[in-house]
Each structure stands twice: as structure tokens, then as C-alpha cells.
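Below: protein30.cif (mmCIF, C-alpha atoms)
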data_data
#
loop_
_atom_site.label_atom_id
_atom_site.label_comp_id
_atom_site.auth_asym_id
_atom_site.auth_seq_id
_atom_site.Cartn_x
_atom_site.Cartn_y
_atom_site.Cartn_z
CA MET A 210 0.00 0.00 0.00
CA ARG A 211 2.84 2.38 0.89
CA GLU A 212 4.46 1.55 -2.42
CA VAL A 213 1.26 2.25 -4.34
CA PHE A 214 0.92 5.48 -2.43
CA HIS A 215 4.44 6.60 -3.22
CA GLN A 216 3.95 5.73 -6.86
CA SER A 217 0.82 7.91 -6.82
CA LEU A 218 2.69 10.76 -5.17
CA GLU A 219 5.41 10.59 -7.80
CA ASP A 220 2.71 10.79 -10.41
CA VAL A 221 1.24 13.87 -8.69
CA GLN A 222 4.65 15.48 -8.49
CA SER A 223 5.54 14.88 -12.12
CA ARG A 224 2.19 16.31 -13.18
CA LEU A 225 2.77 19.44 -11.10
CA VAL A 226 6.17 19.85 -12.77
CA GLU A 227 4.54 19.42 -16.16
CA ILE A 228 1.92 22.10 -15.45
CA SER A 229 4.59 24.43 -14.09
CA ASP A 230 6.50 23.92 -17.35
CA LEU A 231 3.43 24.92 -19.36
CA VAL A 232 3.01 27.99 -17.15
CA THR A 233 6.65 28.95 -17.77
CA ILE A 234 6.13 28.71 -21.53
CA ALA A 235 2.92 30.76 -21.21
CA ILE A 236 4.46 33.63 -19.23
CA ASP A 237 7.52 33.70 -21.49
CA LYS A 238 5.37 33.96 -24.62
CA ALA A 239 2.92 36.39 -23.01
CA THR A 240 5.60 38.86 -21.95
CA ARG A 241 7.22 38.65 -25.37
CA ALA A 242 3.86 39.27 -27.05
CA PHE A 243 3.20 42.17 -24.69
CA GLY A 244 6.57 43.73 -25.51
CA SER A 245 6.64 43.09 -29.24
CA GLY A 246 2.99 43.24 -30.30
CA ASP A 247 3.26 39.72 -31.77
CA VAL A 248 -0.44 38.87 -31.92
CA ALA A 249 0.13 35.28 -33.11
CA LEU A 250 2.18 34.61 -30.00
CA ALA A 251 -0.55 36.17 -27.84
CA GLU A 252 -3.15 33.94 -29.51
CA GLU A 253 -1.04 30.88 -28.71
CA VAL A 254 -0.94 31.74 -25.03
CA ILE A 255 -4.69 32.31 -24.95
CA ALA A 256 -5.43 29.04 -26.76
CA ASP A 257 -2.96 27.03 -24.67
CA ASP A 258 -4.38 28.20 -21.35
CA ARG A 259 -7.09 25.61 -21.86
CA LEU A 260 -4.40 22.91 -21.71
CA ILE A 261 -3.18 24.21 -18.36
CA ASP A 262 -6.75 24.23 -17.04
CA GLU A 263 -7.32 20.67 -18.25
CA ARG A 264 -4.09 19.39 -16.72
CA ALA A 265 -4.87 21.08 -13.42
CA LEU A 266 -8.36 19.57 -13.42
CA ALA A 267 -6.97 16.10 -14.18
CA LEU A 268 -4.46 16.47 -11.37
CA ASP A 269 -7.24 17.45 -8.95
CA GLU A 270 -9.18 14.36 -9.93
CA LEU A 271 -6.11 12.21 -9.35
CA ALA A 272 -5.57 13.79 -5.92
CA ILE A 273 -9.19 13.13 -4.95
CA GLU A 274 -8.87 9.55 -6.18
CA ILE A 275 -5.77 9.10 -4.01
CA LEU A 276 -7.66 10.46 -1.01
CA ALA A 277 -10.53 8.07 -1.67
CA MET A 278 -8.53 4.94 -2.49
CA GLN A 279 -5.52 5.26 -0.24
CA GLN A 280 -6.89 7.25 2.67
CA PRO A 281 -3.61 8.91 3.58
CA VAL A 282 -3.16 10.44 7.03
CA ALA A 283 -0.72 12.82 8.71
CA ARG A 284 2.03 14.13 6.44
CA ASP A 285 0.87 12.04 3.46
CA LEU A 286 -2.55 13.63 3.70
CA ARG A 287 -0.99 17.10 3.84
CA ILE A 288 1.00 16.35 0.72
CA VAL A 289 -2.11 15.46 -1.25
CA VAL A 290 -4.09 18.46 0.02
CA THR A 291 -1.12 20.71 -0.75
CA ALA A 292 -0.98 19.30 -4.28
CA LEU A 293 -4.61 20.40 -4.74
CA ARG A 294 -3.68 23.91 -3.66
CA VAL A 295 -0.52 24.08 -5.73
CA SER A 296 -2.53 22.99 -8.74
CA ALA A 297 -5.03 25.82 -8.13
CA SER A 298 -2.22 28.37 -7.86
CA LEU A 299 -0.53 27.13 -11.03
CA GLU A 300 -3.83 27.38 -12.83
CA ARG A 301 -4.15 31.02 -11.70
CA MET A 302 -0.58 31.72 -12.84
CA GLY A 303 -1.62 30.46 -16.26
CA ASP A 304 -4.59 32.84 -16.14
CA MET A 305 -2.28 35.78 -15.39
CA ALA A 306 -0.14 34.92 -18.42
CA GLU A 307 -3.32 34.67 -20.50
CA HIS A 308 -4.50 38.09 -19.26
CA ILE A 309 -1.17 39.67 -20.27
CA ALA A 310 -1.54 38.03 -23.70
CA GLN A 311 -5.10 39.41 -23.93
CA LEU A 312 -3.79 42.92 -23.33
CA ALA A 313 -1.27 42.37 -26.15
CA ARG A 314 -4.01 41.11 -28.46
CA THR A 315 -6.35 43.99 -27.69
CA ARG A 316 -3.70 46.59 -28.52
CA TYR A 317 -2.63 44.94 -31.77
CA PRO A 318 -1.33 46.28 -34.20
CA ASP A 319 0.09 48.62 -31.56
CA ARG A 320 2.30 47.33 -28.81
CA ALA A 321 0.64 47.00 -25.42
CA ILE A 322 3.82 47.77 -23.50
CA PRO A 323 3.36 51.41 -22.43
CA LYS A 324 5.86 54.00 -23.66
CA GLY A 325 8.04 55.22 -20.81
CA LEU A 326 7.67 51.88 -19.01
CA LYS A 327 9.26 49.53 -21.53
CA GLY A 328 12.31 48.85 -19.39
CA THR A 329 10.18 48.24 -16.32
CA PHE A 330 7.83 45.80 -18.00
CA THR A 331 10.63 44.01 -19.83
CA ARG A 332 12.32 43.48 -16.47
CA MET A 333 9.07 42.40 -14.79
CA GLY A 334 8.50 39.88 -17.56
CA GLU A 335 12.02 38.50 -17.24
CA LEU A 336 11.61 38.17 -13.49
CA ASP A 337 8.26 36.39 -13.85
CA VAL A 338 9.81 33.92 -16.31
CA GLN A 339 12.69 33.40 -13.88
CA VAL A 340 10.20 32.84 -11.04
CA ALA A 341 8.31 30.27 -13.11
CA ARG A 342 11.52 28.43 -14.01
CA SER A 343 12.61 28.37 -10.37
CA LEU A 344 9.19 27.10 -9.37
CA THR A 345 9.39 24.22 -11.83
CA GLU A 346 12.82 23.40 -10.43
CA LEU A 347 11.53 23.59 -6.86
CA LEU A 348 8.65 21.24 -7.67
CA ARG A 349 11.00 18.88 -9.50
CA THR A 350 13.86 18.73 -7.00
CA GLN A 351 12.11 19.83 -3.79
CA ASP A 352 15.32 21.74 -3.05
CA LEU A 353 13.98 24.33 -0.62
CA ALA A 354 16.90 26.70 -1.21
CA ILE A 355 15.17 27.54 -4.51
CA ALA A 356 12.28 29.03 -2.53
CA ASP A 357 14.61 31.87 -1.51
CA HIS A 358 15.30 32.75 -5.14
CA ILE A 359 11.58 32.92 -5.76
CA ARG A 360 11.04 35.22 -2.80
CA ASN A 361 13.91 37.48 -3.84
CA SER A 362 12.55 37.79 -7.36
CA ASP A 363 9.11 38.48 -5.93
CA ASP A 364 10.55 41.33 -3.85
CA ASP A 365 12.09 42.79 -7.00
CA ILE A 366 8.77 42.46 -8.84
CA ASP A 367 6.93 44.18 -5.99
CA GLU A 368 9.36 47.10 -6.23
CA LEU A 369 8.83 47.35 -9.97
CA HIS A 370 5.07 47.13 -9.41
CA ALA A 371 5.25 50.08 -7.01
CA SER A 372 7.45 51.99 -9.46
CA VAL A 373 4.84 51.59 -12.22
CA PHE A 374 2.31 53.46 -10.07
CA GLU A 375 4.85 56.10 -9.11
CA LYS A 376 5.57 56.66 -12.77
CA VAL A 377 1.95 56.72 -13.88
CA LEU A 378 1.00 59.17 -11.13
CA SER A 379 4.01 61.45 -11.68
CA ASP A 380 3.92 64.72 -13.61
CA SER A 381 6.22 63.22 -16.22
CA TRP A 382 3.64 60.62 -17.28
CA GLN A 383 2.50 61.42 -20.81
CA GLY A 384 0.43 58.30 -21.42
CA GLU A 385 -3.17 58.43 -22.57
CA ALA A 386 -5.84 56.73 -20.47
CA GLY A 387 -5.40 53.54 -22.53
CA ALA A 388 -1.72 53.35 -21.64
CA THR A 389 -2.56 54.00 -17.99
CA VAL A 390 -5.08 51.16 -18.00
CA ASP A 391 -2.62 48.79 -19.70
CA ALA A 392 0.15 49.69 -17.27
CA THR A 393 -2.15 49.23 -14.26
CA LEU A 394 -3.51 45.86 -15.34
CA ALA A 395 -0.25 44.44 -16.69
CA SER A 396 1.61 45.41 -13.54
CA ARG A 397 -1.08 43.82 -11.39
CA TYR A 398 -0.98 40.60 -13.43
CA HIS A 399 2.80 40.34 -13.22
CA GLU A 400 2.72 40.96 -9.49
CA ARG A 401 -0.03 38.40 -8.89
CA PHE A 402 1.83 35.85 -11.00
CA ALA A 403 4.85 36.03 -8.69
CA ASP A 404 2.64 36.12 -5.57
CA HIS A 405 1.14 32.77 -6.52
CA ALA A 406 4.65 31.35 -6.99
CA VAL A 407 5.64 32.57 -3.52
CA SER A 408 2.50 31.04 -2.08
CA ILE A 409 3.42 27.68 -3.67
CA ALA A 410 7.02 27.99 -2.42
CA LYS A 411 5.74 28.55 1.12
CA LYS A 412 3.61 25.43 0.90
CA MET A 413 6.61 23.44 -0.28
CA ILE A 414 8.66 24.76 2.65
CA TYR A 415 5.91 23.68 4.96
CA LEU A 416 5.97 20.19 3.55
CA GLY A 417 9.74 20.09 3.93
CA THR A 418 9.88 21.50 7.44
CA GLY A 419 6.45 20.92 8.95
CA ASP A 420 6.12 24.63 9.73
CA TRP A 421 2.57 25.21 8.65
CA THR A 422 1.46 28.23 10.68
CA GLY A 423 0.28 31.18 8.76
CA LEU A 424 1.24 29.82 5.38
CA GLU A 425 -2.17 29.05 4.02
CA HIS A 426 -3.68 32.45 3.81
CA GLY A 427 -0.66 34.44 4.82
CA VAL A 428 0.39 35.72 1.44
CA VAL A 429 -0.61 39.34 1.39
CA PRO A 430 -0.14 40.92 -2.01
CA VAL A 431 1.65 44.25 -2.01
CA GLU A 432 -0.88 46.82 -3.06
CA PRO A 433 0.00 49.79 -5.19
CA THR A 434 0.47 52.99 -3.24
CA ALA A 435 -1.73 54.56 -5.89
CA MET B 3 -19.32 7.10 12.55
CA ARG B 4 -21.83 8.45 10.00
CA GLU B 5 -23.37 10.56 12.72
CA VAL B 6 -20.00 11.97 13.76
CA PHE B 7 -19.31 12.68 10.12
CA HIS B 8 -22.57 14.54 9.61
CA GLN B 9 -21.98 16.52 12.75
CA SER B 10 -18.58 17.50 11.33
CA LEU B 11 -20.12 18.49 8.02
CA GLU B 12 -22.67 20.68 9.75
CA ASP B 13 -19.80 22.34 11.57
CA VAL B 14 -18.02 22.94 8.26
CA GLN B 15 -21.17 24.36 6.72
CA SER B 16 -21.90 26.73 9.59
CA ARG B 17 -18.32 27.98 9.48
CA LEU B 18 -18.57 28.65 5.76
CA VAL B 19 -21.76 30.62 6.38
CA GLU B 20 -20.00 32.58 9.11
CA ILE B 21 -17.07 33.47 6.84
CA SER B 22 -19.45 34.43 4.05
CA ASP B 23 -21.21 36.73 6.52
CA LEU B 24 -17.92 38.43 7.36
CA VAL B 25 -17.18 38.81 3.65
CA THR B 26 -20.60 40.44 3.14
CA ILE B 27 -19.89 42.94 5.90
CA ALA B 28 -16.45 43.61 4.40
CA ILE B 29 -17.66 44.32 0.86
CA ASP B 30 -20.53 46.45 2.15
CA LYS B 31 -18.18 48.61 4.24
CA ALA B 32 -15.51 48.69 1.52
CA THR B 33 -17.85 49.96 -1.16
CA ARG B 34 -19.28 52.55 1.22
CA ALA B 35 -15.77 53.70 2.14
CA PHE B 36 -14.84 53.84 -1.54
CA GLY B 37 -17.88 55.97 -2.35
CA SER B 38 -17.83 58.28 0.67
CA GLY B 39 -14.13 58.62 1.51
CA ASP B 40 -14.83 57.36 5.06
CA VAL B 41 -11.31 56.35 6.03
CA ALA B 42 -12.30 54.88 9.41
CA LEU B 43 -14.60 52.46 7.62
CA ALA B 44 -11.82 51.57 5.22
CA GLU B 45 -9.48 50.91 8.15
CA GLU B 46 -12.07 48.57 9.68
CA VAL B 47 -12.25 46.49 6.54
CA ILE B 48 -8.47 46.28 6.32
CA ALA B 49 -8.13 45.29 9.99
CA ASP B 50 -10.98 42.78 9.86
CA ASP B 51 -9.60 40.96 6.83
CA ARG B 52 -7.26 39.18 9.24
CA LEU B 53 -10.34 37.64 10.92
CA ILE B 54 -11.54 36.27 7.63
CA ASP B 55 -8.10 34.82 6.94
CA GLU B 56 -7.99 33.21 10.38
CA ARG B 57 -11.44 31.70 10.06
CA ALA B 58 -10.64 30.33 6.63
CA LEU B 59 -7.41 28.81 7.96
CA ALA B 60 -9.25 27.24 10.90
CA LEU B 61 -11.84 25.79 8.55
CA ASP B 62 -9.10 24.29 6.38
CA GLU B 63 -7.57 22.66 9.42
CA LEU B 64 -10.96 21.23 10.38
CA ALA B 65 -11.47 19.86 6.87
CA ILE B 66 -8.05 18.20 6.92
CA GLU B 67 -8.82 16.74 10.33
CA ILE B 68 -12.07 15.31 8.98
CA LEU B 69 -10.19 13.76 6.05
CA ALA B 70 -7.66 12.22 8.45
CA MET B 71 -10.03 11.02 11.16
CA GLN B 72 -13.10 10.01 9.20
CA GLN B 73 -11.63 9.04 5.86
CA PRO B 74 -14.68 9.95 3.81
CA VAL B 75 -15.14 8.53 0.32
CA ALA B 76 -17.30 9.28 -2.73
CA ARG B 77 -19.68 12.19 -2.29
CA ASP B 78 -18.66 12.78 1.33
CA LEU B 79 -15.06 13.19 0.22
CA ARG B 80 -16.12 15.63 -2.49
CA ILE B 81 -18.00 17.69 0.06
CA VAL B 82 -14.92 18.09 2.25
CA VAL B 83 -12.62 18.89 -0.69
CA THR B 84 -15.18 21.37 -1.98
CA ALA B 85 -15.29 23.04 1.43
CA LEU B 86 -11.53 23.59 1.19
CA ARG B 87 -12.00 25.28 -2.16
CA VAL B 88 -14.97 27.35 -1.07
CA SER B 89 -12.96 28.54 1.90
CA ALA B 90 -10.11 29.63 -0.40
CA SER B 91 -12.54 31.55 -2.63
CA LEU B 92 -14.20 33.28 0.33
CA GLU B 93 -10.78 34.28 1.60
CA ARG B 94 -10.00 35.83 -1.80
CA MET B 95 -13.35 37.66 -1.79
CA GLY B 96 -12.30 39.15 1.54
CA ASP B 97 -9.03 40.23 -0.08
CA MET B 98 -10.91 41.99 -2.87
CA ALA B 99 -12.97 43.92 -0.32
CA GLU B 100 -9.74 44.82 1.47
CA HIS B 101 -8.16 46.03 -1.77
CA ILE B 102 -11.15 48.30 -2.45
CA ALA B 103 -10.81 49.65 1.09
CA GLN B 104 -7.08 50.23 0.48
CA LEU B 105 -7.91 52.33 -2.55
CA ALA B 106 -10.31 54.38 -0.40
CA ARG B 107 -7.63 54.84 2.27
CA THR B 108 -4.95 55.87 -0.21
CA ARG B 109 -7.15 58.59 -1.70
CA TYR B 110 -8.24 60.00 1.65
CA PRO B 111 -9.17 62.83 2.25
CA ASP B 112 -10.40 62.72 -1.35
CA ARG B 113 -12.94 60.17 -2.44
CA ALA B 114 -11.55 57.25 -4.39
CA ILE B 115 -14.69 56.82 -6.48
CA PRO B 116 -13.77 58.41 -9.82
CA LYS B 117 -15.79 61.38 -11.04
CA GLY B 118 -17.95 60.45 -14.02
CA LEU B 119 -18.18 56.85 -12.80
CA LYS B 120 -19.95 57.34 -9.48
CA GLY B 121 -23.18 55.77 -10.65
CA THR B 122 -21.36 52.80 -12.15
CA PHE B 123 -19.29 52.06 -9.06
CA THR B 124 -22.21 52.59 -6.71
CA ARG B 125 -24.16 50.03 -8.72
CA MET B 126 -21.21 47.61 -8.86
CA GLY B 127 -20.85 47.86 -5.10
CA GLU B 128 -24.55 47.22 -4.55
CA LEU B 129 -24.42 44.20 -6.84
CA ASP B 130 -21.35 42.79 -5.07
CA VAL B 131 -23.09 43.16 -1.70
CA GLN B 132 -26.14 41.44 -3.16
CA VAL B 133 -23.95 38.65 -4.53
CA ALA B 134 -22.32 38.15 -1.12
CA ARG B 135 -25.73 38.05 0.61
CA SER B 136 -27.01 35.52 -1.90
CA LEU B 137 -23.89 33.45 -1.43
CA THR B 138 -24.37 33.34 2.33
CA GLU B 139 -27.95 32.25 1.74
CA LEU B 140 -26.88 29.60 -0.74
CA LEU B 141 -24.33 28.20 1.72
CA ARG B 142 -26.88 28.30 4.53
CA THR B 143 -29.88 26.79 2.75
CA GLN B 144 -28.19 24.95 -0.13
CA ASP B 145 -31.09 26.14 -2.24
CA LEU B 146 -29.56 25.91 -5.70
CA ALA B 147 -32.05 28.36 -7.20
CA ILE B 148 -30.02 31.07 -5.47
CA ALA B 149 -27.07 30.21 -7.71
CA ASP B 150 -29.03 31.70 -10.61
CA HIS B 151 -29.35 35.04 -8.82
CA ILE B 152 -25.60 35.06 -8.29
CA ARG B 153 -24.93 34.36 -11.93
CA ASN B 154 -27.36 37.04 -13.07
CA SER B 155 -25.75 39.62 -10.80
CA ASP B 156 -22.35 38.56 -12.05
CA ASP B 157 -23.49 39.15 -15.65
CA ASP B 158 -24.60 42.65 -14.65
CA ILE B 159 -21.26 43.29 -12.94
CA ASP B 160 -19.36 42.09 -16.02
CA GLU B 161 -21.34 44.57 -18.13
CA LEU B 162 -20.55 47.40 -15.72
CA HIS B 163 -16.89 46.30 -15.69
CA ALA B 164 -16.79 46.55 -19.51
CA SER B 165 -18.53 49.94 -19.36
CA VAL B 166 -15.85 51.30 -17.01
CA PHE B 167 -13.20 50.63 -19.66
CA GLU B 168 -15.39 52.05 -22.42
CA LYS B 169 -15.79 55.21 -20.39
CA VAL B 170 -12.13 55.53 -19.43
CA LEU B 171 -11.02 55.02 -23.03
CA SER B 172 -13.61 57.39 -24.51
CA ASP B 173 -12.92 60.96 -25.58
CA SER B 174 -15.24 62.21 -22.88
CA TRP B 175 -13.02 60.86 -20.07
CA GLN B 176 -11.55 63.80 -18.18
CA GLY B 177 -9.93 61.84 -15.36
CA GLU B 178 -6.28 62.26 -14.43
CA ALA B 179 -4.04 59.20 -14.45
CA GLY B 180 -4.81 58.63 -10.74
CA ALA B 181 -8.53 58.38 -11.45
CA THR B 182 -7.83 56.04 -14.36
CA VAL B 183 -5.74 53.78 -12.10
CA ASP B 184 -8.42 53.78 -9.39
CA ALA B 185 -11.18 53.02 -11.90
CA THR B 186 -9.15 50.20 -13.45
CA LEU B 187 -8.25 48.53 -10.17
CA ALA B 188 -11.59 49.02 -8.43
CA SER B 189 -13.47 47.64 -11.40
CA ARG B 190 -11.18 44.63 -11.56
CA TYR B 191 -11.62 43.98 -7.81
CA HIS B 192 -15.41 44.20 -8.02
CA GLU B 193 -15.48 41.89 -11.00
CA ARG B 194 -13.16 39.34 -9.37
CA PHE B 195 -15.25 39.43 -6.19
CA ALA B 196 -18.33 38.30 -8.10
CA ASP B 197 -16.34 35.78 -10.14
CA HIS B 198 -15.29 34.01 -6.97
CA ALA B 199 -18.92 33.89 -5.85
CA VAL B 200 -19.94 32.33 -9.16
CA SER B 201 -17.17 29.80 -8.82
CA ILE B 202 -18.47 28.85 -5.36
CA ALA B 203 -22.04 28.67 -6.66
CA LYS B 204 -20.91 26.29 -9.41
CA LYS B 205 -19.25 24.04 -6.85
CA MET B 206 -22.45 24.00 -4.80
CA ILE B 207 -24.44 23.04 -7.90
CA TYR B 208 -22.04 20.24 -8.52
CA LEU B 209 -22.52 18.93 -5.02
CA GLY B 210 -26.29 19.13 -5.45
CA THR B 211 -26.41 17.53 -8.87
CA GLY B 212 -23.19 15.55 -9.26
CA ASP B 213 -22.36 17.40 -12.46
CA TRP B 214 -18.71 18.10 -11.90
CA THR B 215 -17.33 18.43 -15.42
CA GLY B 216 -15.59 21.62 -16.23
CA LEU B 217 -16.56 23.38 -13.04
CA GLU B 218 -13.23 23.39 -11.31
CA HIS B 219 -11.24 25.59 -13.57
CA GLY B 220 -14.01 26.61 -15.88
CA VAL B 221 -14.67 30.08 -14.55
CA VAL B 222 -13.09 32.38 -17.06
CA PRO B 223 -13.11 35.97 -15.90
CA VAL B 224 -14.37 38.47 -18.44
CA GLU B 225 -11.43 40.60 -19.38
CA PRO B 226 -11.72 44.27 -20.15
CA THR B 227 -11.67 45.01 -23.85
CA ALA B 228 -9.11 47.65 -22.94
#
Give the structure from this file in C-alpha cells form.
Amino acid sequence: MREVFHQSLEDVQSRLVEISDLVTIAIDKATRAFGSGDVALAEEVIADDRLIDERALALDELAIEILAMQQPVARDLRIVVTALRVSASLERMGDMAEHIAQLARTRYPDRAIPKGLKGTFTRMGELDVQVARSLTELLRTQDLAIADHIRNSDDDIDELHASVFEKVLSDSWQGEAGATVDATLASRYHERFADHAVSIAKKMIYLGTGDWTGLEHGVVPVEPTA
Amino acid sequence: MREVFHQSLEDVQSRLVEISDLVTIAIDKATRAFGSGDVALAEEVIADDRLIDERALALDELAIEILAMQQPVARDLRIVVTALRVSASLERMGDMAEHIAQLARTRYPDRAIPKGLKGTFTRMGELDVQVARSLTELLRTQDLAIADHIRNSDDDIDELHASVFEKVLSDSWQGEAGATVDATLASRYHERFADHAVSIAKKMIYLGTGDWTGLEHGVVPVEPTA
């Protein structure tokens, strides 16, 4: 029974890694589409989000089946419940990538990336891709040191997020309302993307260390000072 | 054992109702603070969000305990897993109310509600409060007809959400960048609030009817055409 259970857990883990891989591809393409105005790339991200949703749903069904058939307790039970939550967060990360792609599509043939904030959004996109790659690695290796990288990148993204609002609300901002809307939404999506990754990293740390307190609902997104 | 289990489920249900009640109070206060510039009310919402987080966390722990101690299968298992998900969505609804309150606080002593969109945001706030009340009622009575009310209100909110972007991107929009940011974020928060409620309603319908397919990750938020 233990062997069956561990086989199931390996299956869960490899599926989480697979979904995280798809999310990495999605955010990479989405930020490139947002920066370059490549509408075909944006369309790909939007179409492929369905795959992420389907994989997440299939993983949830597997987790529920494991709960029903193998009735895990204690740490094993926590692992399965955590997998359900990680799956939900990955699915939301995919949604954030899709939303960024939707902004790119809506602006086409123009570029969605707002003038005066190109450097900021390029950097945010790079950091989100880096966060997604680290997350895949964390899920694959369960090397908790990777969680620190994710948190550091998230701190950098939060600073960039705050700087977007500073810029938009400064006297030097020349953007039209459309550019202000794009900057506001894109910045929010990037920031939420990384928040979800941090939330997953915290859950993985819990599983590795048993320190559960405050992790579940403890991830407070940094709000714009705007 | 069945009796113990049903006692536990009633406990879960009454806790969900309690959290939903707190969320209703939060969104009601938040939208009033947003409209009136009442910073004390905004502060209350922000402080009280911690209560919602704590209750949601406690409920999750109870659900995991039920899984461990009572090892439910089939529909009983689904109920417990669904409770975990409903709890997560309620917690996010609380976050949305908090974010709206944060916008109100940031703008103080001005009013955050953007000029030219007062009617729209007042209506969105009313609809969100109505959605939260219906949700509490749905969780309390499990009367699935209430799910339809929630979906109808959500459709109305989606229309208002789209109209905010139409307005902000129209030639008649006179708002400064700050008003554009506030309108964009507040509209997104209101829309997400209702989306979470719809997602919960769909899960309740599943539990009532057994029709699970596509419900888990099937709630696609309506994106602004901006």
C-alpha cells in the first residue's frame, strides 16, 4: 500500500512539474507578445491556457482519487491536500499569463507595452519567467533553497510594481488613459503571478519542514500605493 | 461514525456561512468607504480581513482533520474537498474587499470613487453586496435556485466592468491618471469578487447535482476590452 501510495505521489509530483512547465512557456510567450505586439504569440498563449486548465483539473481528480482509495493520514494527507492547492495556484498563474496576452491582443497592431515603461515591463516579464523556471525546479527537485530565489525575485517584482504606479502618477507621465489602463492591469498581473509562486514555495517549505502556521492564507499581495 | 461525520459536516457548513457573513460585511463597508471617503470604515475592513483569513485557515484545518479522522469517500469526500475550495474563494473575496478599502484609504481625504463613474461604481458595489448576501444564503440553505441570482448579478457586474473601460477610453473621459488607475483597479476587484462567488455557486451546484465536469477551472473571468 505504501508503495502504491508513493507511486501515486510521484505521479502527482511529475504532473505538477509538467503544469509548471506549461506555465513557464505561457508567461515567457505572453511577456514577449506584450513587448513586441506579436499577436500570433498572444493567440497561442490564450489558446494554450485551456491545456493548463485541463491538466490542473486532471491532477485534482487524481488527488481526490488518491484520497478516496488510499486514505492517507498525517504528512501524506498534507502532501495530497497541498498538491490540490498548488494545482489551483498554477492554474491562476496560467490565467495571469493569459491576461497579459489578452492585453497584447487587444492593442494589436500597436504594442501594449506602455511607452516610458518599456524597461520596467521588460524586467518584470524577465523576473516572472525566472520565477516560473525556479518554481518548476523547486517542484521537480524539492530543493527548498530555490524558494529563496523565488522570494527574492518576488521582492524585485513588488518594487517594480510600485514603481509603475509612481511613474503613472508622476507629472512626467504622458500616457493616454489607454496606456494608464494597460500599465495598471499588466503590472497587477505580473505581481499576482509572482505572488502565486511565492504562495506555492511557502507550501513546499511547509511540507519540507512541517512549519505550517500562517502559510495558508498568509500571502498578502503588495498593493500599489496609488 | 456516520453521525459523527454529519456533525462535522454541519460544523463545516456553519463555518462557511459565518465566513461568508464576514465577507458580506467587508464588501458592504468597503464599497461605502470607496464611495464616501470614510477612512475609518476603510481601516475597519483592512483590519478585519485578518479575521476572515484566520477563520478560513481554521476551517481548512478542520477539513483536513475530517479527512484524516473520518476518511470519507465518494460524495462525502467531495464535500470536504469542496469546502476547502470554497474557503479559499471566500478568503480571496475578503481580499478583494480589502483592496477596495485600500484604494479608499490611499485617496483619503479625497474620495476614491472616480468622477464620471460614481453611478457605475455605486451600482457595482450594490451588486457585489447582493452577490455576497445571496452566497451566504446559498451556503446556509443549499437552495440551488439562489445560484441563478448570483450568476445574473455577475453578468450585470461584467457589463458594468466593460462599461468602465469604455468610459475611461472614450474621448469624454476627463480623469487624471490617478482616477484612471483607481477606476481600473476598483473595477477589476469588483469583477473578481463576483467571479469568486460564481465559482463557489458552481461548486455547490455540482454537489447538489453531481455534475462536476468543467466546473473546477471553468470560470473564465471576463477581461476588459481595454
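CA of Ile115 in chain B lies 5.3 Å from CA of Gly37 in chain B.
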Per residue of chain A within 8 Å of chain B, record the nearest atom pair and its distance in Å to one decimal, counting all atoms listed in the file, with rows in chain order and ascending residue number, as JSON lines.
{"residue": "A:Asp262", "atom": "CA", "partner": "B:His219", "partner_atom": "CA", "distance": 5.8}
{"residue": "A:Glu263", "atom": "CA", "partner": "B:His219", "partner_atom": "CA", "distance": 7.8}
{"residue": "A:Ala265", "atom": "CA", "partner": "B:His219", "partner_atom": "CA", "distance": 7.8}
{"residue": "A:Leu266", "atom": "CA", "partner": "B:Glu218", "partner_atom": "CA", "distance": 6.5}
{"residue": "A:Ile273", "atom": "CA", "partner": "B:Arg80", "partner_atom": "CA", "distance": 7.8}
{"residue": "A:Leu276", "atom": "CA", "partner": "B:Val75", "partner_atom": "CA", "distance": 7.8}
{"residue": "A:Ala277", "atom": "CA", "partner": "B:Val75", "partner_atom": "CA", "distance": 5.0}
{"residue": "A:Gln280", "atom": "CA", "partner": "B:Gln73", "partner_atom": "CA", "distance": 6.0}
{"residue": "A:Pro281", "atom": "CA", "partner": "B:Ala70", "partner_atom": "CA", "distance": 7.1}
{"residue": "A:Val282", "atom": "CA", "partner": "B:Ala70", "partner_atom": "CA", "distance": 5.0}
{"residue": "A:Ala283", "atom": "CA", "partner": "B:Ala70", "partner_atom": "CA", "distance": 7.0}
{"residue": "A:Leu286", "atom": "CA", "partner": "B:Ala70", "partner_atom": "CA", "distance": 7.1}
{"residue": "A:Arg287", "atom": "CA", "partner": "B:Ile66", "partner_atom": "CA", "distance": 7.8}
{"residue": "A:Val290", "atom": "CA", "partner": "B:Ile66", "partner_atom": "CA", "distance": 8.0}
{"residue": "A:Glu300", "atom": "CA", "partner": "B:His219", "partner_atom": "CA", "distance": 7.7}
{"residue": "A:His308", "atom": "CA", "partner": "B:Glu225", "partner_atom": "CA", "distance": 7.4}
{"residue": "A:Gln311", "atom": "CA", "partner": "B:Glu225", "partner_atom": "CA", "distance": 7.9}
{"residue": "A:Leu312", "atom": "CA", "partner": "B:Ala228", "partner_atom": "CA", "distance": 7.1}
{"residue": "A:Thr315", "atom": "CA", "partner": "B:Ala228", "partner_atom": "CA", "distance": 6.6}
{"residue": "A:Arg316", "atom": "CA", "partner": "B:Ala228", "partner_atom": "CA", "distance": 7.8}
{"residue": "A:Val377", "atom": "CA", "partner": "B:Ala179", "partner_atom": "CA", "distance": 6.5}
{"residue": "A:Leu378", "atom": "CA", "partner": "B:Gly180", "partner_atom": "CA", "distance": 5.8}
{"residue": "A:Ala386", "atom": "CA", "partner": "B:Leu171", "partner_atom": "CA", "distance": 6.0}
{"residue": "A:Gly387", "atom": "CA", "partner": "B:Leu171", "partner_atom": "CA", "distance": 5.8}
{"residue": "A:Thr389", "atom": "CA", "partner": "B:Ala179", "partner_atom": "CA", "distance": 6.5}
{"residue": "A:Val390", "atom": "CA", "partner": "B:Thr186", "partner_atom": "CA", "distance": 6.2}
{"residue": "A:Asp391", "atom": "CA", "partner": "B:Ala228", "partner_atom": "CA", "distance": 7.3}
{"residue": "A:Thr393", "atom": "CA", "partner": "B:Val183", "partner_atom": "CA", "distance": 6.2}
{"residue": "A:Leu394", "atom": "CA", "partner": "B:Thr186", "partner_atom": "CA", "distance": 7.4}
{"residue": "A:Glu425", "atom": "CA", "partner": "B:Leu59", "partner_atom": "CA", "distance": 6.6}
{"residue": "A:His426", "atom": "CA", "partner": "B:Asp55", "partner_atom": "CA", "distance": 5.9}
{"residue": "A:Gly427", "atom": "CA", "partner": "B:Asp55", "partner_atom": "CA", "distance": 7.7}
{"residue": "A:Glu432", "atom": "CA", "partner": "B:His101", "partner_atom": "CA", "distance": 7.4}
{"residue": "A:Thr434", "atom": "CA", "partner": "B:Thr108", "partner_atom": "CA", "distance": 6.8}
{"residue": "A:Ala435", "atom": "CA", "partner": "B:Thr108", "partner_atom": "CA", "distance": 6.7}
Nearest-residue call for Ser396 in chain A, choices A:Leu225, A:Val373, A:Leu348, A:Ala306, using only C-alpha atoms: A:Val373
From CA of Val340 in chain A to CA of Leu353 in chain A the spacing works out at 14.0 Å
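Reported to one decimal place, the separation of CA of Ile309 in chain A from CA of Thr329 in chain A is 14.8 Å.
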Using only C-alpha atoms, give me every residue within 12 Å of (-1.3, 30.7, -13.4) in file coordinates, as a ChimeraX atom specification. /A:228-236,239,254,257-262,265,295-309,337-338,340-341,344,398-406,408-409 /B:219
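Nearest to Phe7 in chain B of all the residues B:Ser165, B:Ala65, B:Arg125, B:Ala203 is B:Ala65, based on all atoms listed in the file.
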